[in-house]
Every structure is written in structure tokens, then in C-alpha cells.
$ cat upload-v4.pdb   # PDB, C-alpha atoms
MODEL        1
ATOM      1  CA  MET A 148       0.000   0.000   0.000  1.00  0.00           C
ATOM      2  CA  LEU A 149       2.805   2.423   0.870  1.00  0.00           C
ATOM      3  CA  LYS A 150       4.574   1.609  -2.405  1.00  0.00           C
ATOM      4  CA  ASP A 151       1.470   2.535  -4.419  1.00  0.00           C
ATOM      5  CA  LYS A 152       1.097   5.814  -2.542  1.00  0.00           C
ATOM      6  CA  VAL A 153       4.779   6.696  -3.030  1.00  0.00           C
ATOM      7  CA  LYS A 154       4.574   5.852  -6.748  1.00  0.00           C
ATOM      8  CA  THR A 155       1.524   8.108  -7.133  1.00  0.00           C
ATOM      9  CA  LEU A 156       3.292  10.971  -5.303  1.00  0.00           C
ATOM     10  CA  LEU A 157       6.395  10.449  -7.440  1.00  0.00           C
ATOM     11  CA  ASP A 158       4.380  10.493 -10.669  1.00  0.00           C
ATOM     12  CA  ASP A 159       2.634  13.694  -9.549  1.00  0.00           C
ATOM     13  CA  ALA A 160       5.984  15.342  -8.768  1.00  0.00           C
ATOM     14  CA  LEU A 161       7.394  14.380 -12.165  1.00  0.00           C
ATOM     15  CA  ASP A 162       4.263  15.704 -13.887  1.00  0.00           C
ATOM     16  CA  GLN A 163       5.111  19.114 -12.397  1.00  0.00           C
ATOM     17  CA  ASP A 164       8.437  19.211 -14.278  1.00  0.00           C
ATOM     18  CA  GLU A 165       8.249  17.464 -17.647  1.00  0.00           C
ATOM     19  CA  SER A 166      12.016  17.779 -18.215  1.00  0.00           C
ATOM     20  CA  LEU A 167      12.590  15.195 -15.453  1.00  0.00           C
ATOM     21  CA  PHE A 168      11.964  11.481 -15.906  1.00  0.00           C
ATOM     22  CA  LEU A 169      12.244   8.370 -13.798  1.00  0.00           C
ATOM     23  CA  ILE A 170      15.119   5.935 -14.288  1.00  0.00           C
ATOM     24  CA  ASP A 171      14.540   3.676 -11.288  1.00  0.00           C
ATOM     25  CA  PHE A 172      12.147   3.367  -8.360  1.00  0.00           C
ATOM     26  CA  SER A 173      12.541   0.702  -5.726  1.00  0.00           C
ATOM     27  CA  MET A 174      11.336   0.070  -2.235  1.00  0.00           C
ATOM     28  CA  GLY A 175      12.912  -2.344   0.201  1.00  0.00           C
ATOM     29  CA  ALA A 176      11.205  -4.534   2.790  1.00  0.00           C
ATOM     30  CA  ASP A 177      12.340  -2.037   5.451  1.00  0.00           C
ATOM     31  CA  ASN A 178      10.466   0.782   3.628  1.00  0.00           C
ATOM     32  CA  SER A 179      13.667   2.251   2.208  1.00  0.00           C
ATOM     33  CA  ILE A 180      12.570   4.224  -0.849  1.00  0.00           C
ATOM     34  CA  HIS A 181      15.133   4.796  -3.595  1.00  0.00           C
ATOM     35  CA  VAL A 182      14.409   7.052  -6.586  1.00  0.00           C
ATOM     36  CA  VAL A 183      16.812   7.698  -9.483  1.00  0.00           C
ATOM     37  CA  LEU A 184      16.011  10.585 -11.835  1.00  0.00           C
ATOM     38  CA  ASP A 185      17.370  11.927 -15.093  1.00  0.00           C
ATOM     39  CA  GLY A 186      16.432  15.032 -17.014  1.00  0.00           C
ATOM     40  CA  ASP A 187      16.537  16.435 -20.496  1.00  0.00           C
ATOM     41  CA  ASN A 188      18.692  19.270 -19.117  1.00  0.00           C
ATOM     42  CA  GLY A 189      20.390  17.259 -16.392  1.00  0.00           C
ATOM     43  CA  VAL A 190      19.258  16.983 -12.777  1.00  0.00           C
ATOM     44  CA  SER A 191      20.131  19.622 -10.190  1.00  0.00           C
ATOM     45  CA  VAL A 192      20.222  19.267  -6.423  1.00  0.00           C
ATOM     46  CA  GLN A 193      17.113  21.465  -6.366  1.00  0.00           C
ATOM     47  CA  ASP A 194      15.309  18.972  -8.618  1.00  0.00           C
ATOM     48  CA  CYS A 195      16.119  16.135  -6.215  1.00  0.00           C
ATOM     49  CA  ILE A 196      15.001  18.231  -3.236  1.00  0.00           C
ATOM     50  CA  LYS A 197      11.750  19.162  -4.976  1.00  0.00           C
ATOM     51  CA  VAL A 198      10.866  15.521  -5.738  1.00  0.00           C
ATOM     52  CA  SER A 199      11.957  14.388  -2.275  1.00  0.00           C
ATOM     53  CA  ARG A 200       9.752  16.980  -0.583  1.00  0.00           C
ATOM     54  CA  ALA A 201       6.793  16.148  -2.812  1.00  0.00           C
ATOM     55  CA  ILE A 202       6.978  12.578  -1.521  1.00  0.00           C
ATOM     56  CA  GLU A 203       8.086  13.111   2.072  1.00  0.00           C
ATOM     57  CA  HIS A 204       5.663  15.922   2.947  1.00  0.00           C
ATOM     58  CA  ASN A 205       2.723  13.799   1.869  1.00  0.00           C
ATOM     59  CA  LEU A 206       3.582  10.752   3.960  1.00  0.00           C
ATOM     60  CA  ASP A 207       2.978  10.400   7.688  1.00  0.00           C
ATOM     61  CA  ARG A 208       5.969   9.045   9.613  1.00  0.00           C
ATOM     62  CA  ASP A 209       3.631   8.187  12.500  1.00  0.00           C
ATOM     63  CA  GLU A 210       1.818   5.703  10.241  1.00  0.00           C
ATOM     64  CA  GLU A 211       4.818   4.305   8.354  1.00  0.00           C
ATOM     65  CA  ASP A 212       8.524   4.521   9.132  1.00  0.00           C
ATOM     66  CA  PHE A 213      10.531   5.005   5.936  1.00  0.00           C
ATOM     67  CA  SER A 214      13.783   6.335   4.530  1.00  0.00           C
ATOM     68  CA  LEU A 215      13.875   8.234   1.255  1.00  0.00           C
ATOM     69  CA  THR A 216      16.745   8.751  -1.170  1.00  0.00           C
ATOM     70  CA  VAL A 217      16.324  10.755  -4.369  1.00  0.00           C
ATOM     71  CA  THR A 218      19.377  10.874  -6.646  1.00  0.00           C
ATOM     72  CA  SER A 219      20.288  11.647 -10.223  1.00  0.00           C
ATOM     73  CA  ALA A 220      21.602   9.062 -12.652  1.00  0.00           C
ATOM     74  CA  GLY A 221      25.376   9.242 -12.450  1.00  0.00           C
ATOM     75  CA  ALA A 222      27.464  10.444 -15.353  1.00  0.00           C
ATOM     76  CA  ALA A 223      28.932   6.957 -15.717  1.00  0.00           C
ATOM     77  CA  SER A 224      25.574   5.195 -15.450  1.00  0.00           C
ATOM     78  CA  PRO A 225      24.436   3.204 -18.467  1.00  0.00           C
ATOM     79  CA  MET A 226      21.793   4.765 -20.680  1.00  0.00           C
ATOM     80  CA  VAL A 227      18.587   2.743 -20.592  1.00  0.00           C
ATOM     81  CA  TYR A 228      15.775   4.789 -22.124  1.00  0.00           C
ATOM     82  CA  PRO A 229      15.509   6.410 -25.587  1.00  0.00           C
ATOM     83  CA  ARG A 230      15.055   9.788 -23.895  1.00  0.00           C
ATOM     84  CA  GLN A 231      18.546   9.460 -22.377  1.00  0.00           C
ATOM     85  CA  PHE A 232      20.039   8.884 -25.814  1.00  0.00           C
ATOM     86  CA  LYS A 233      18.236  11.930 -27.249  1.00  0.00           C
ATOM     87  CA  LYS A 234      19.663  14.204 -24.555  1.00  0.00           C
ATOM     88  CA  ASN A 235      23.190  12.966 -25.326  1.00  0.00           C
ATOM     89  CA  ILE A 236      23.177  13.590 -29.093  1.00  0.00           C
ATOM     90  CA  GLY A 237      26.537  15.055 -30.065  1.00  0.00           C
ATOM     91  CA  ARG A 238      28.475  13.274 -27.318  1.00  0.00           C
ATOM     92  CA  LYS A 239      30.844  10.344 -27.696  1.00  0.00           C
ATOM     93  CA  ILE A 240      29.393   7.087 -26.446  1.00  0.00           C
ATOM     94  CA  LYS A 241      30.414   3.453 -26.143  1.00  0.00           C
ATOM     95  CA  VAL A 242      27.825   0.862 -27.194  1.00  0.00           C
ATOM     96  CA  GLN A 243      28.083  -2.859 -26.510  1.00  0.00           C
ATOM     97  CA  THR A 244      25.844  -4.978 -28.730  1.00  0.00           C
ATOM     98  CA  GLN A 245      25.461  -8.750 -28.767  1.00  0.00           C
ATOM     99  CA  ASP A 246      28.317  -9.014 -31.279  1.00  0.00           C
ATOM    100  CA  ASP A 247      30.479  -5.869 -31.223  1.00  0.00           C
ATOM    101  CA  LEU A 248      31.670  -2.843 -29.305  1.00  0.00           C
ATOM    102  CA  TYR A 249      31.299   0.572 -30.978  1.00  0.00           C
ATOM    103  CA  GLU A 250      32.633   3.978 -29.970  1.00  0.00           C
ATOM    104  CA  GLY A 251      31.568   7.096 -31.763  1.00  0.00           C
ATOM    105  CA  SER A 252      29.557  10.285 -31.775  1.00  0.00           C
ATOM    106  CA  LEU A 253      25.853   9.852 -31.207  1.00  0.00           C
ATOM    107  CA  THR A 254      24.319  11.706 -34.154  1.00  0.00           C
ATOM    108  CA  GLU A 255      20.692  10.526 -34.058  1.00  0.00           C
ATOM    109  CA  ALA A 256      18.245   8.902 -31.666  1.00  0.00           C
ATOM    110  CA  ASN A 257      14.656   7.978 -32.439  1.00  0.00           C
ATOM    111  CA  ALA A 258      12.048   5.551 -31.108  1.00  0.00           C
ATOM    112  CA  GLU A 259      13.707   2.527 -32.746  1.00  0.00           C
ATOM    113  CA  GLY A 260      17.407   3.110 -32.212  1.00  0.00           C
ATOM    114  CA  ILE A 261      20.478   5.283 -32.607  1.00  0.00           C
ATOM    115  CA  VAL A 262      23.066   6.290 -35.203  1.00  0.00           C
ATOM    116  CA  LEU A 263      26.777   6.386 -34.350  1.00  0.00           C
ATOM    117  CA  GLU A 264      29.468   8.010 -36.487  1.00  0.00           C
ATOM    118  CA  TRP A 265      33.243   7.757 -36.159  1.00  0.00           C
ATOM    119  CA  LYS A 266      36.451   7.920 -38.186  1.00  0.00           C
ATOM    120  CA  ALA A 267      38.585   4.823 -38.767  1.00  0.00           C
ATOM    121  CA  ARG A 268      41.906   4.078 -40.438  1.00  0.00           C
ATOM    122  CA  GLU A 269      41.641   1.415 -43.132  1.00  0.00           C
ATOM    123  CA  PRO A 270      44.028   0.070 -45.762  1.00  0.00           C
ATOM    124  CA  LYS A 271      43.913   1.938 -49.066  1.00  0.00           C
ATOM    125  CA  PRO A 272      41.973   0.092 -51.766  1.00  0.00           C
ATOM    126  CA  ILE A 273      44.970   0.435 -54.097  1.00  0.00           C
ATOM    127  CA  GLY A 274      48.567   0.737 -52.984  1.00  0.00           C
ATOM    128  CA  LYS A 275      50.206   0.773 -49.597  1.00  0.00           C
ATOM    129  CA  GLY A 276      49.251   2.728 -46.518  1.00  0.00           C
ATOM    130  CA  LYS A 277      46.055   3.624 -44.818  1.00  0.00           C
ATOM    131  CA  THR A 278      43.347   6.191 -45.328  1.00  0.00           C
ATOM    132  CA  THR A 279      40.854   7.738 -42.907  1.00  0.00           C
ATOM    133  CA  VAL A 280      37.237   6.884 -43.631  1.00  0.00           C
ATOM    134  CA  GLN A 281      33.985   8.038 -42.060  1.00  0.00           C
ATOM    135  CA  LYS A 282      31.927   5.189 -40.592  1.00  0.00           C
ATOM    136  CA  LYS A 283      28.248   5.191 -39.715  1.00  0.00           C
ATOM    137  CA  LYS A 284      26.275   2.511 -37.879  1.00  0.00           C
ATOM    138  CA  GLU A 285      22.573   2.314 -37.119  1.00  0.00           C
ATOM    139  CA  ILE A 286      21.869   0.288 -33.978  1.00  0.00           C
ATOM    140  CA  LEU A 287      18.427  -0.771 -32.805  1.00  0.00           C
ATOM    141  CA  PHE A 288      17.645  -0.448 -29.092  1.00  0.00           C
ATOM    142  CA  SER A 289      16.855  -4.172 -29.043  1.00  0.00           C
ATOM    143  CA  GLU A 290      20.494  -4.875 -30.057  1.00  0.00           C
ATOM    144  CA  ILE A 291      22.082  -2.736 -27.300  1.00  0.00           C
ATOM    145  CA  LYS A 292      23.354  -4.608 -24.265  1.00  0.00           C
ATOM    146  CA  GLU A 293      24.923  -1.518 -22.647  1.00  0.00           C
ATOM    147  CA  ALA A 294      25.578   2.076 -23.660  1.00  0.00           C
ATOM    148  CA  LYS A 295      27.532   4.718 -21.759  1.00  0.00           C
ATOM    149  CA  VAL A 296      28.722   8.247 -22.380  1.00  0.00           C
ATOM    150  CA  ILE A 297      32.516   8.434 -22.684  1.00  0.00           C
ATOM    151  CA  LEU A 298      33.681  10.948 -20.094  1.00  0.00           C
ATOM    152  CA  LYS A 299      36.622  13.245 -20.819  1.00  0.00           C
ATOM    153  CA  TYR A 300      38.789  14.292 -17.903  1.00  0.00           C
TER     154      TYR A 300
ENDMDL
END
$ encode --input "upload-v4.pdb" --output "C-alpha cells"
Amino acid sequence: MLKDKVKTLLDDALDQDESLFLIDFSMGADNSIHVVLDGDNGVSVQDCIKVSRAIEHNLDRDEEDFSLTVTSAGAASPMVYPRQFKKNIGRKIKVQTQDDLYEGSLTEANAEGIVLEWKAREPKPIGKGKTTVQKKKEILFSEIKEAKVILKY
């Protein structure tokens, strides 16, 4: 019953800010509530506070004892939803499929999949040496095992 109430409060809070979306919601047997958010423009501390308050202020600790954690998806977290890919267009990502590993710039994301582009060195068709060629790969979401943004330090 508490889980349903928390989920309803969470959905209401996210409806207030359509740039935020839910990545993960879980609730332990000890009533530990864990919410992971992402956003089209990133997630600020204020966003986490706003969602946390929307849940916490509408629950009665005298009725149910609970702990609540609201966090953002980490920069190194895998991308799971198409909306996460759309917000990262233009960034370099690493994509593991069933068969291969690709690294390149994310140039497109739609409801079915993504498009990666990168440059590669390949042998010249005639003669010795190598030439740089532009590669492009369309990958369906159903083929992706894991995808992460490549962070530059």
C-alpha cells in the first residue's frame, strides 16, 4: 500500500516538471525508498530536493517509518531509455551490442534506435598505406546490451 502511494506521489511530482523522468524506483522490505532521476537538461540538487519533498511531505511518519533517497543518474551510469540517448546527441558514447563494441559520436536517436558516427583508419583500396574513412552505424535499441557516455577528464 505504501509503495502505491509513493509511486503516485512520485508520478505527480514528475508531472510538475516534464524535463525530469524516472530511471529507477525501488522500495525495500524495510520501507527504504530509492528514486533515481534523469532530465533532459540534467538533474540539479534542487530537482532532487523538490521531488523528495513532494513525496516526504505527503507521507505520515507516525503511520509508516521510511527512509527516502532521491538521486540523479550518475554520469557513468548506463543509458537505458531512448530519452537518455536523445539528450546525449553530439556526445561520444560506447555501445556494446550482442556481437560488437562501438565507440563514436551519437548523431541521431529515435524511437527505434540510434546512429553512431566515427572515423577509422583502413588500408587503401589500391597501394600501400592507410586512409581515414567516415563510418556510420545504425543500432536498434533491441540490439544494445549496454551504452555509456565516454567521459573526458
$ resolve_selection --input "upload-v4.pdb" --expression "the PyMOL selection byres ((chain A and resi 171) around 10)" --output "ChimeraX atom specification"
/A:168-170,172-173,181-185,218-220
$ atom_distance --input "upload-v4.pdb" --atom1 "atom CA of Phe288 of chain A" --atom2 "atom CA of Pro229 of chain A"
8.0 Å
$ atom_distance --input "upload-v4.pdb" --atom1 "atom CA of Leu206 of chain A" --atom2 "atom CA of Gly186 of chain A"
25.0 Å
$ closest_residue --input "upload-v4.pdb" --among "A:Gln231, A:Thr244, A:Asn257, A:Thr216" --to "Leu167 of chain A" --atoms "all atoms listed in the file"
A:Gln231
$ closest_residue --input "upload-v4.pdb" --among "A:Asp246, A:Asp158, A:Asp151, A:Glu211" --to "Ile291 of chain A" --atoms "only C-alpha atoms"
A:Asp246
$ resolve_selection --input "upload-v4.pdb" --expression "the PyMOL selection byres ((chain A and resi 239) around 6)" --output "ChimeraX atom specification"
/A:238,240,251-252,297
$ closest_residue --input "upload-v4.pdb" --among "A:Glu290, A:Glu259, A:Asn178, A:Lys241" --to "Arg208 of chain A" --atoms "only C-alpha atoms"
A:Asn178
$ atom_distance --input "upload-v4.pdb" --atom1 "atom CA of Met226 of chain A" --atom2 "atom CA of Ala294 of chain A"
5.5 Å
$ closest_residue --input "upload-v4.pdb" --among "A:Gln243, A:Val227, A:Ala160, A:Val190" --to "His204 of chain A" --atoms "all atoms listed in the file"
A:Ala160
$ closest_residue --input "upload-v4.pdb" --among "A:Val280, A:Tyr249, A:Asp209, A:Lys234" --to "Asp187 of chain A" --atoms "all atoms listed in the file"
A:Lys234
$ resolve_selection --input "upload-v4.pdb" --expression "the PyMOL selection byres ((chain A and resi 282) around 6)" --output "count of residues only"
5
$ closest_residue --input "upload-v4.pdb" --among "A:Lys154, A:Lys284, A:Glu203, A:Asp194" --to "Asp247 of chain A" --atoms "only C-alpha atoms"
A:Lys284
$ residues_around --input "upload-v4.pdb" --residues "Ile202 of chain A" --least-positions-apart "4" --cutoff "10 Å" --atoms "all atoms listed in the file" --output "list in words"
Lys152, Val153, Lys154, Thr155, Leu156, Leu157, Asp158, Asp159, Ala160, Ile196, Lys197, Val198, Leu206, Leu215 and Val217 of chain A
$ residues_near_point --input "upload-v4.pdb" --point "(25.1, 5.0, -33.8)" --cutoff "7 Å" --atoms "all atoms listed in the file" --output "PDB file with C-alpha atoms, in the frame of the given file"
ATOM      1  CA  LEU A 253      25.853   9.852 -31.207  1.00  0.00           C
ATOM      2  CA  THR A 254      24.319  11.706 -34.154  1.00  0.00           C
ATOM      3  CA  ILE A 261      20.478   5.283 -32.607  1.00  0.00           C
ATOM      4  CA  VAL A 262      23.066   6.290 -35.203  1.00  0.00           C
ATOM      5  CA  LEU A 263      26.777   6.386 -34.350  1.00  0.00           C
ATOM      6  CA  GLU A 264      29.468   8.010 -36.487  1.00  0.00           C
ATOM      7  CA  LYS A 283      28.248   5.191 -39.715  1.00  0.00           C
ATOM      8  CA  LYS A 284      26.275   2.511 -37.879  1.00  0.00           C
ATOM      9  CA  GLU A 285      22.573   2.314 -37.119  1.00  0.00           C
ATOM     10  CA  ILE A 286      21.869   0.288 -33.978  1.00  0.00           C
TER      11      ILE A 286
END
